[in-house]
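Shown next: data.csv, given as CSV, C-alpha atoms.
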chain,number,residue,atom,x,y,z
A,4,MET,CA,0.0,0.0,0.0
A,5,PRO,CA,1.5,3.4,-1.0
A,6,ALA,CA,2.6,5.7,1.8
A,7,LYS,CA,0.5,8.8,2.4
A,8,ARG,CA,2.2,11.9,1.0
A,9,SER,CA,3.3,14.6,3.4
A,10,PRO,CA,0.9,17.6,3.2
A,11,ALA,CA,2.0,20.7,1.3
A,12,ARG,CA,3.2,23.5,3.5
A,13,ARG,CA,1.1,26.7,3.6
A,14,PRO,CA,3.1,29.9,2.9
A,15,THR,CA,3.6,32.1,6.0
A,16,MET,CA,4.3,35.8,6.6
A,17,LYS,CA,7.9,34.8,7.2
A,18,ASP,CA,8.1,33.3,3.7
A,19,ILE,CA,6.6,36.6,2.3
A,20,ALA,CA,9.1,38.7,4.3
A,21,GLN,CA,12.1,36.7,3.0
A,22,ARG,CA,10.9,36.9,-0.7
A,23,ALA,CA,10.0,40.6,-0.5
A,24,GLY,CA,13.2,41.5,1.5
A,25,VAL,CA,11.4,43.2,4.4
A,26,SER,CA,10.7,42.4,8.0
A,27,GLU,CA,7.8,40.3,9.2
A,28,SER,CA,6.3,43.3,11.0
A,29,ALA,CA,6.3,45.2,7.7
A,30,VAL,CA,4.5,42.2,6.0
A,31,SER,CA,1.9,42.3,8.8
A,32,PHE,CA,1.4,46.1,8.4
A,33,ALA,CA,1.0,45.7,4.6
A,34,LEU,CA,-1.3,42.8,4.6
A,35,ASN,CA,-3.5,44.2,7.3
A,36,ASP,CA,-3.7,47.6,5.7
A,37,ARG,CA,-2.1,49.4,8.7
A,38,PRO,CA,0.2,52.4,8.6
A,39,GLY,CA,3.9,52.0,9.1
A,40,VAL,CA,5.1,51.0,5.6
A,41,SER,CA,5.3,52.9,2.3
A,42,GLU,CA,2.8,52.3,-0.6
A,43,ILE,CA,5.7,50.9,-2.6
A,44,THR,CA,6.5,48.3,0.1
A,45,ARG,CA,2.8,47.6,0.6
A,46,ASP,CA,2.3,46.9,-3.1
A,47,ARG,CA,5.5,44.7,-3.2
A,48,VAL,CA,4.4,42.6,-0.2
A,49,ARG,CA,0.9,42.1,-1.7
A,50,ARG,CA,2.3,40.9,-5.0
A,51,VAL,CA,4.6,38.4,-3.3
A,52,ALA,CA,1.8,37.2,-1.1
A,53,GLU,CA,-0.3,36.6,-4.3
A,54,GLN,CA,2.6,34.8,-6.0
A,55,LEU,CA,3.1,32.5,-3.0
A,56,GLY,CA,-0.7,31.7,-2.7
A,57,TRP,CA,-0.9,33.1,0.8
A,58,ARG,CA,-4.3,33.7,2.3
A,59,PRO,CA,-5.4,35.1,5.7
A,60,SER,CA,-6.5,32.5,8.2
A,61,THR,CA,-10.2,32.7,8.9
A,62,ALA,CA,-10.6,29.3,10.8
A,63,ALA,CA,-7.5,28.9,12.9
A,64,ARG,CA,-9.2,27.3,15.9
A,65,GLN,CA,-8.7,23.6,16.3
A,66,LEU,CA,-11.2,20.9,17.3
A,67,SER,CA,-9.5,20.5,20.6
A,68,GLY,CA,-9.9,24.1,21.5
A,69,GLU,CA,-12.9,26.2,22.5
A,70,GLY,CA,-15.4,27.4,19.9
A,71,ALA,CA,-16.4,25.8,16.6
A,72,ALA,CA,-14.2,24.7,13.7
A,73,THR,CA,-15.6,24.1,10.2
A,74,VAL,CA,-15.8,21.3,7.7
A,75,GLY,CA,-16.6,21.8,4.0
A,76,LEU,CA,-18.9,20.2,1.4
A,77,VAL,CA,-18.8,21.2,-2.3
A,78,LEU,CA,-21.4,20.0,-4.7
A,79,ALA,CA,-20.6,20.1,-8.4
A,80,ARG,CA,-24.1,19.6,-9.9
A,81,PRO,CA,-26.6,21.8,-11.8
A,82,ALA,CA,-27.9,24.1,-9.1
A,83,ASP,CA,-31.5,23.9,-10.5
A,84,THR,CA,-31.7,20.2,-9.8
A,85,LEU,CA,-30.9,20.4,-6.0
A,86,GLY,CA,-34.0,22.0,-4.6
A,87,VAL,CA,-36.1,19.0,-5.3
A,88,ASP,CA,-33.5,16.3,-4.6
A,89,SER,CA,-34.6,14.6,-1.4
A,90,PHE,CA,-31.3,12.6,-1.2
A,91,PHE,CA,-29.1,15.5,-0.5
A,92,LEU,CA,-31.5,17.2,1.8
A,93,GLN,CA,-31.6,14.1,4.0
A,94,LEU,CA,-27.9,13.5,3.7
A,95,ILE,CA,-27.0,17.0,4.8
A,96,SER,CA,-29.5,16.7,7.7
A,97,GLY,CA,-27.7,13.6,9.0
A,98,ILE,CA,-24.3,15.3,8.6
A,99,GLN,CA,-25.5,18.4,10.4
A,100,GLU,CA,-26.8,16.4,13.4
A,101,VAL,CA,-23.3,15.1,14.1
A,102,LEU,CA,-21.5,18.4,13.4
A,103,ALA,CA,-23.9,20.2,15.8
A,104,GLU,CA,-23.1,17.7,18.6
A,105,ARG,CA,-19.4,18.6,18.1
A,106,HIS,CA,-20.0,22.4,17.7
A,107,LEU,CA,-18.7,22.2,14.1
A,108,GLY,CA,-19.8,24.4,11.3
A,109,LEU,CA,-20.6,23.3,7.8
A,110,LEU,CA,-19.3,25.4,4.9
A,111,PHE,CA,-21.4,24.4,1.8
A,112,GLN,CA,-20.8,25.6,-1.8
A,113,VAL,CA,-22.3,24.7,-5.2
A,114,VAL,CA,-20.0,24.9,-8.3
A,115,GLU,CA,-20.2,24.2,-12.0
A,116,ASP,CA,-17.8,21.3,-12.3
A,117,VAL,CA,-15.1,19.3,-10.6
A,118,ASP,CA,-12.3,21.7,-11.8
A,119,ASP,CA,-14.1,24.5,-9.9
A,120,GLU,CA,-14.5,22.1,-6.9
A,121,CYS,CA,-10.8,21.5,-6.8
A,122,ALA,CA,-10.2,25.3,-6.9
A,123,VAL,CA,-12.4,25.7,-3.9
A,124,TYR,CA,-10.5,23.0,-2.0
A,125,ARG,CA,-7.2,24.8,-2.8
A,126,ARG,CA,-8.6,28.2,-1.6
A,127,TRP,CA,-10.1,26.7,1.6
A,128,TRP,CA,-6.8,25.0,2.4
A,129,ALA,CA,-4.8,28.2,1.7
A,130,GLU,CA,-7.2,30.3,3.8
A,131,HIS,CA,-7.4,27.8,6.6
A,132,ARG,CA,-11.2,27.8,6.1
A,133,VAL,CA,-11.9,24.2,6.9
A,134,ASP,CA,-10.3,21.4,8.9
A,135,GLY,CA,-11.6,18.6,6.6
A,136,VAL,CA,-14.1,18.0,3.8
A,137,LEU,CA,-16.9,15.6,2.8
A,138,VAL,CA,-16.6,14.6,-0.8
A,139,VAL,CA,-19.7,13.5,-2.8
A,140,ASP,CA,-20.4,12.2,-6.2
A,141,PRO,CA,-17.1,10.2,-6.8
A,142,ARG,CA,-16.2,10.2,-10.5
A,143,THR,CA,-14.8,7.3,-12.6
A,144,ASP,CA,-11.8,9.5,-13.4
A,145,ASP,CA,-11.6,11.7,-10.3
A,146,PRO,CA,-8.8,14.2,-9.6
A,147,ARG,CA,-10.0,15.1,-6.1
A,148,PRO,CA,-8.4,12.2,-4.1
A,149,ASP,CA,-4.9,13.1,-5.4
A,150,LEU,CA,-5.5,16.7,-4.6
A,151,LEU,CA,-6.7,16.1,-1.1
A,152,ASP,CA,-3.7,13.8,-0.5
A,153,GLU,CA,-1.4,16.6,-1.7
A,154,LEU,CA,-3.0,19.2,0.5
A,155,GLY,CA,-3.2,16.9,3.5
A,156,LEU,CA,-6.9,17.7,4.1
A,157,PRO,CA,-8.7,15.0,6.0
A,158,ALA,CA,-11.6,13.8,3.8
A,159,VAL,CA,-14.4,11.3,3.7
A,160,VAL,CA,-15.6,10.2,0.2
A,161,ILE,CA,-19.3,9.5,0.3
A,162,GLY,CA,-20.5,6.9,-2.2
A,163,GLY,CA,-17.2,5.7,-3.6
A,164,ALA,CA,-15.8,2.2,-3.5
A,165,PRO,CA,-12.7,1.7,-1.2
A,166,ASP,CA,-9.6,2.9,-3.0
A,167,ALA,CA,-6.2,1.5,-1.9
A,168,ARG,CA,-4.4,4.2,-3.8
A,169,HIS,CA,-5.5,6.8,-1.2
A,170,PRO,CA,-5.1,5.1,2.2
A,171,GLY,CA,-5.5,8.5,4.0
A,172,LEU,CA,-9.0,9.0,2.8
A,173,SER,CA,-12.0,7.4,4.5
A,174,THR,CA,-14.9,6.1,2.4
A,175,VAL,CA,-18.6,5.5,3.2
A,176,TRP,CA,-20.2,3.5,0.5
A,177,ALA,CA,-23.4,1.7,-0.5
A,178,ASP,CA,-23.7,-1.5,-2.6
A,179,ASP,CA,-25.3,0.0,-5.8
A,180,ALA,CA,-24.6,-3.2,-7.6
A,181,GLY,CA,-26.5,-5.3,-5.1
A,182,ALA,CA,-29.4,-2.8,-5.2
A,183,MET,CA,-29.7,-2.9,-8.9
A,184,ALA,CA,-29.5,-6.7,-9.0
A,185,ALA,CA,-32.5,-6.7,-6.5
A,186,VAL,CA,-34.5,-4.5,-8.8
A,187,VAL,CA,-33.8,-6.6,-11.9
A,188,ASP,CA,-34.7,-9.7,-9.9
A,189,GLU,CA,-38.1,-8.3,-9.0
A,190,LEU,CA,-38.9,-7.0,-12.5
A,191,SER,CA,-37.7,-10.3,-14.2
A,192,ALA,CA,-39.9,-12.3,-11.8
A,193,LEU,CA,-42.8,-10.2,-12.9
A,194,GLY,CA,-42.1,-11.2,-16.6
A,195,HIS,CA,-40.4,-7.9,-17.7
A,196,ARG,CA,-37.8,-8.4,-20.5
A,197,ARG,CA,-37.6,-4.9,-21.9
A,198,ILE,CA,-36.3,-2.5,-19.3
A,199,VAL,CA,-34.9,1.0,-19.5
A,200,HIS,CA,-32.8,2.5,-16.8
A,201,ILE,CA,-33.2,6.3,-16.8
A,202,ALA,CA,-29.9,7.1,-15.0
A,203,GLY,CA,-28.3,10.1,-13.5
A,204,LEU,CA,-25.2,12.1,-14.5
A,205,PRO,CA,-22.7,10.3,-16.7
A,206,GLY,CA,-19.2,9.9,-15.3
A,207,LEU,CA,-20.4,9.5,-11.7
A,208,ALA,CA,-19.0,6.3,-10.2
A,209,HIS,CA,-22.4,5.2,-8.8
A,210,THR,CA,-24.1,5.8,-12.2
A,211,GLU,CA,-21.5,3.7,-13.9
A,212,ARG,CA,-21.8,0.9,-11.3
A,213,ARG,CA,-25.6,0.8,-11.8
A,214,ILE,CA,-25.2,0.7,-15.6
A,215,ARG,CA,-22.6,-2.1,-15.4
A,216,THR,CA,-24.7,-4.1,-13.0
A,217,LEU,CA,-27.8,-3.8,-15.2
A,218,ARG,CA,-25.9,-4.9,-18.2
A,219,ALA,CA,-24.4,-7.9,-16.3
A,220,GLU,CA,-27.8,-8.9,-14.9
A,221,ALA,CA,-29.4,-8.6,-18.4
A,222,ASP,CA,-26.6,-10.7,-19.9
A,223,ARG,CA,-27.0,-13.4,-17.2
A,224,ARG,CA,-30.8,-13.6,-17.9
A,225,GLY,CA,-30.5,-13.3,-21.7
A,226,LEU,CA,-32.4,-10.0,-21.8
A,227,ALA,CA,-31.3,-8.3,-25.0
A,228,GLU,CA,-33.6,-5.3,-24.8
A,229,VAL,CA,-32.3,-3.6,-21.7
A,230,ARG,CA,-30.6,-0.2,-21.8
A,231,SER,CA,-29.7,2.9,-19.8
A,232,VAL,CA,-30.0,6.6,-20.7
A,233,THR,CA,-28.1,9.2,-18.7
A,234,THR,CA,-29.7,12.5,-17.6
A,235,ASP,CA,-29.0,15.5,-15.3
A,236,TYR,CA,-31.4,14.1,-12.6
A,237,SER,CA,-34.0,16.7,-13.3
A,238,ASP,CA,-37.7,16.2,-13.6
A,239,ALA,CA,-37.6,17.8,-17.1
A,240,GLU,CA,-35.1,15.3,-18.5
A,241,GLY,CA,-36.8,12.4,-16.7
A,242,ALA,CA,-40.1,13.3,-18.4
A,243,ALA,CA,-38.4,13.9,-21.8
A,244,VAL,CA,-36.6,10.6,-21.8
A,245,THR,CA,-39.7,8.8,-20.7
A,246,ARG,CA,-41.7,10.2,-23.6
A,247,ARG,CA,-39.1,9.2,-26.1
A,248,VAL,CA,-38.5,5.7,-25.0
A,249,LEU,CA,-42.2,4.9,-24.7
A,250,GLN,CA,-42.6,6.2,-28.2
A,251,GLY,CA,-40.0,3.7,-29.4
A,252,GLU,CA,-37.1,6.0,-30.1
A,253,VAL,CA,-33.5,5.0,-29.7
A,254,LEU,CA,-31.5,7.8,-28.1
A,255,GLU,CA,-28.0,8.8,-28.8
A,256,GLY,CA,-25.5,7.5,-26.3
A,257,GLU,CA,-27.8,4.8,-24.8
A,258,VAL,CA,-26.1,2.0,-23.1
A,259,LEU,CA,-27.5,-1.4,-24.1
A,260,ALA,CA,-26.8,-4.8,-22.7
A,261,GLY,CA,-24.2,-5.2,-25.5
A,262,GLY,CA,-22.6,-1.7,-25.4
A,263,ILE,CA,-23.1,1.9,-26.5
A,264,VAL,CA,-25.5,2.8,-29.2
A,265,GLU,CA,-23.8,4.7,-32.0
A,266,GLY,CA,-25.5,7.5,-34.0
A,267,GLY,CA,-28.4,9.8,-33.2
A,268,VAL,CA,-32.1,9.5,-32.4
A,269,GLY,CA,-34.1,7.3,-34.6
A,270,GLU,CA,-37.0,4.9,-34.9
A,271,GLY,CA,-37.1,1.2,-34.3
A,272,GLY,CA,-36.6,0.9,-30.5
A,273,SER,CA,-38.8,-1.5,-28.6
A,274,ARG,CA,-41.2,0.1,-26.1
A,275,PRO,CA,-40.1,-0.9,-22.6
A,276,THR,CA,-42.4,-2.6,-20.1
A,277,ALA,CA,-40.4,-1.4,-17.1
A,278,LEU,CA,-38.6,1.8,-16.2
A,279,ILE,CA,-36.0,2.3,-13.4
A,280,TYR,CA,-35.3,5.9,-12.4
A,281,ASP,CA,-32.2,7.0,-10.5
A,282,ASN,CA,-34.2,9.3,-8.2
A,283,ASP,CA,-37.7,9.9,-7.0
A,284,VAL,CA,-38.2,13.2,-8.8
A,285,MET,CA,-37.5,11.7,-12.3
A,286,ALA,CA,-39.8,8.8,-11.4
A,287,VAL,CA,-42.7,11.0,-10.5
A,288,ALA,CA,-42.2,13.1,-13.7
A,289,GLY,CA,-41.9,9.9,-15.7
A,290,VAL,CA,-45.3,8.6,-14.4
A,291,ALA,CA,-46.9,11.9,-15.4
A,292,ALA,CA,-45.3,11.7,-18.9
A,293,ALA,CA,-46.4,8.1,-19.4
A,294,THR,CA,-50.0,9.0,-18.4
A,295,GLU,CA,-50.1,12.0,-20.8
A,296,LEU,CA,-49.2,9.6,-23.6
A,297,GLY,CA,-52.0,7.2,-22.6
A,298,PHE,CA,-50.0,4.5,-20.9
A,299,SER,CA,-51.2,3.1,-17.6
A,300,VAL,CA,-48.9,2.4,-14.6
A,301,PRO,CA,-48.4,-0.5,-14.0
A,302,GLY,CA,-50.7,-1.9,-16.6
A,303,ASP,CA,-48.6,-0.9,-19.6
A,304,VAL,CA,-45.3,0.0,-17.9
A,305,SER,CA,-43.9,-0.6,-14.4
A,306,VAL,CA,-41.9,2.0,-12.6
A,307,VAL,CA,-39.2,1.8,-9.9
A,308,ALA,CA,-37.6,4.8,-8.2
A,309,TRP,CA,-34.1,4.5,-6.8
A,310,GLU,CA,-34.6,6.8,-3.8
A,311,ASP,CA,-37.7,6.3,-1.7
A,312,SER,CA,-39.2,9.5,-0.2
A,313,ALA,CA,-42.5,11.0,0.8
A,314,LEU,CA,-42.9,12.1,-2.9
A,315,CYS,CA,-43.2,8.4,-3.9
A,316,ARG,CA,-46.2,8.1,-1.6
A,317,MET,CA,-47.9,11.4,-2.7
A,318,VAL,CA,-48.6,10.3,-6.3
A,319,LYS,CA,-51.0,7.7,-7.8
A,320,PRO,CA,-50.0,5.0,-8.1
A,321,TRP,CA,-47.6,4.9,-5.1
A,322,LEU,CA,-44.1,4.2,-6.4
A,323,SER,CA,-42.1,1.1,-5.8
A,324,ALA,CA,-38.7,2.3,-4.6
A,325,LEU,CA,-35.4,1.5,-3.1
A,326,SER,CA,-35.3,2.6,0.5
A,327,ARG,CA,-32.4,3.4,2.7
A,328,ASP,CA,-31.8,5.5,5.8
A,329,THR,CA,-30.1,8.5,4.0
A,330,VAL,CA,-30.0,10.6,7.2
A,331,GLU,CA,-28.0,7.8,8.8
A,332,PHE,CA,-25.8,7.7,5.7
A,333,GLY,CA,-25.0,11.3,6.4
A,334,ARG,CA,-24.4,10.7,10.1
A,335,THR,CA,-22.0,7.9,9.3
A,336,ALA,CA,-20.0,10.1,7.0
A,337,ALA,CA,-19.8,12.9,9.5
A,338,LYS,CA,-18.7,10.6,12.3
A,339,GLU,CA,-15.9,9.2,10.1
A,340,LEU,CA,-14.7,12.7,9.3
A,341,THR,CA,-14.7,13.7,13.0
A,342,SER,CA,-12.8,10.5,13.8
A,343,LEU,CA,-10.1,11.6,11.2
A,344,LEU,CA,-10.0,15.0,12.8
A,345,ASP,CA,-9.5,13.4,16.2
A,346,GLY,CA,-6.5,11.5,14.8
A,347,GLY,CA,-8.2,8.2,14.0
A,348,PRO,CA,-7.3,6.0,11.1
A,349,ALA,CA,-8.9,6.2,7.7
A,350,ARG,CA,-11.5,3.5,7.1
A,351,ALA,CA,-13.9,2.1,4.5
A,352,VAL,CA,-17.4,1.8,5.9
A,353,ARG,CA,-20.2,0.0,4.1
A,354,VAL,CA,-23.8,1.0,4.8
A,355,PRO,CA,-26.7,-1.4,4.4
A,356,VAL,CA,-27.9,-2.2,0.8
A,357,PRO,CA,-31.0,-0.2,-0.1
A,358,ARG,CA,-34.1,-2.4,0.2
A,359,LEU,CA,-36.7,-2.6,-2.5
A,360,ILE,CA,-40.2,-1.7,-1.4
A,361,SER,CA,-42.8,-3.0,-3.8
A,362,ARG,CA,-45.9,-0.7,-4.1
A,363,GLU,CA,-48.6,0.0,-6.7
A,364,SER,CA,-46.3,1.1,-9.6
A,365,THR,CA,-45.0,-2.4,-10.4
A,366,GLY,CA,-46.9,-5.3,-11.7
A,367,PRO,CA,-46.8,-8.3,-14.0
A,368,CYS,CA,-45.7,-7.6,-17.6
A,369,GLY,CA,-48.8,-7.2,-19.7
A,370,ALA,CA,-47.1,-7.1,-23.1

Now that the file is in, can you turn its structure into structure tokens?
Amino acid sequence: MPAKRSPARRPTMKDIAQRAGVSESAVSFALNDRPGVSEITRDRVRRVAEQLGWRPSTAARQLSGEGAATVGLVLARPADTLGVDSFFLQLISGIQEVLAERHLGLLFQVVEDVDDECAVYRRWWAEHRVDGVLVVDPRTDDPRPDLLDELGLPAVVIGGAPDARHPGLSTVWADDAGAMAAVVDELSALGHRRIVHIAGLPGLAHTERRIRTLRAEADRRGLAEVRSVTTDYSDAEGAAVTRRVLQGEVLEGEVLAGGIVEGGVGEGGSRPTALIYDNDVMAVAGVAAATELGFSVPGDVSVVAWEDSALCRMVKPWLSALSRDTVEFGRTAAKELTSLLDGGPARAVRVPVPRLISRESTGPCGA
């Protein structure tokens, strides 16, 4: 197992003083905008500080001292999809419960992409803003673990599989493969052979695991007409993809049991008899779209939502869904981070496999 790299050293006022050729007191006067140095010296000191990447400390208190420290959480997803996503609301609720017990603050930020997220980590580290971070949405090709190792920031990756390349990072993960296998088992037992998985964002590790598992389960059962379509998790895309697959279209970039579909949208796809949605919002939007097209649920098409929520029980028919204690998922992640901050070892913690709850939206295949 590779040794954990030593954390990079933050630049100090002494470093700035040596580079600028002035005293540390002059650096303090210049950076704090106090009298006692000339404007020429003030400008030189500020330029050197910028070159070295120095930032003022805004969170210097430590967990062992009095007061509250801070941990960070950055989310690189479309902002307009978050307000209706029950998973993150419950996850943050669980995280906050643990942090409140320890008098820790949570610094939360939404960014456009992973590059922006990495820039936030660098800025937080340089400014001493956080003592550690919670990392969500692991990617298949993810630059964040290497960066966090380099900076020496304690971190817990939520949802990623254990990674021996980064022994200093803790992981809290769920068995997406086992959950998808349970869904396919249920649908297959009901006679469904044509299944479409309306997935989340491409490139996310859990999205890819679910797609791979669906393909493997389809191959094992000889189900040739099983495919996945990635989306942005929004109700709009969930509804749009539902309309198109129920009208027999083949969409660009679909993942079939045998591989990736090449080319653009066209006719000739088989109408599915079952739909699996990667969140509750898309599932509800999909039921509405299917009803608008004249399909009945579950008479013509069965529906399963990946995340169970109150929303699944506020529509007709009630939605079959994968259920897990997402609040406890958040608690577990926060506890692992506070353990790291207390000097504990990094660990990989597996939470229970989501349990399929069968309700009114799934039934025997009628086609």

Task: Shell of 9 Å around Pro148 of chain A, only C-alpha atoms, local chain residues under 6 positions omitted, as a list in words - done: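 That gives Ala158, Val160, Arg168, His169 and Leu172 of chain A.
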
Write out, as an mmCIF file, in the frame of the given file, the residues just selected, with C-alpha atoms.
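Contents of selection.cif, as written:
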data_model
loop_
_atom_site.group_PDB
_atom_site.id
_atom_site.type_symbol
_atom_site.label_atom_id
_atom_site.label_comp_id
_atom_site.auth_asym_id
_atom_site.auth_seq_id
_atom_site.Cartn_x
_atom_site.Cartn_y
_atom_site.Cartn_z
ATOM 1 C CA ALA A 158 -11.600 13.800 3.800
ATOM 2 C CA VAL A 160 -15.600 10.200 0.200
ATOM 3 C CA ARG A 168 -4.400 4.200 -3.800
ATOM 4 C CA HIS A 169 -5.500 6.800 -1.200
ATOM 5 C CA LEU A 172 -9.000 9.000 2.800
#

Open item on the list: What does the structure give for the distance between atom CA of Ala239 of chain A and atom CA of Pro357 of chain A, in Å to one decimal?
Closed with: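 Result for atom CA of Ala239 of chain A versus atom CA of Pro357 of chain A: 25.6 Å, one decimal.
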
TODO: May I have the residues within 10 Å of segment 34-44 of chain A as a count of residues only, using only C-alpha atoms and disregarding those fewer than 2 positions away in the same chain?
DONE: 17

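As for atom CA of Gln21 of chain A and atom CA of Val123 of chain A, they are spaced 27.7 Å apart.
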
Task: Minimum-distance residue to Asp303 of chain A, chosen among A:Arg105, A:Arg274, A:Arg22, A:Arg358 (using only C-alpha atoms) - done: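 Closest residue, counting only C-alpha atoms: A:Arg274.
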
Using all atoms listed in the file, what does the table of segment 149-230 of chain A residues within 9 Å of segment 314-332 of chain A look like, with each row giving the shortest atom pair and its distance in Å to one decimal, sorted by chain and ascending number, as a Markdown table?
| residue | atom | partner | partner_atom | distance |
| --- | --- | --- | --- | --- |
| A:Ile161 | CA | A:Phe332 | CA | 8.6 |
| A:Val175 | CA | A:Phe332 | CA | 7.9 |
| A:Trp176 | CA | A:Phe332 | CA | 8.7 |
| A:Ala177 | CA | A:Phe332 | CA | 9.0 |
| A:Ala182 | CA | A:Leu325 | CA | 7.7 |
| A:Val186 | CA | A:Leu325 | CA | 8.3 |
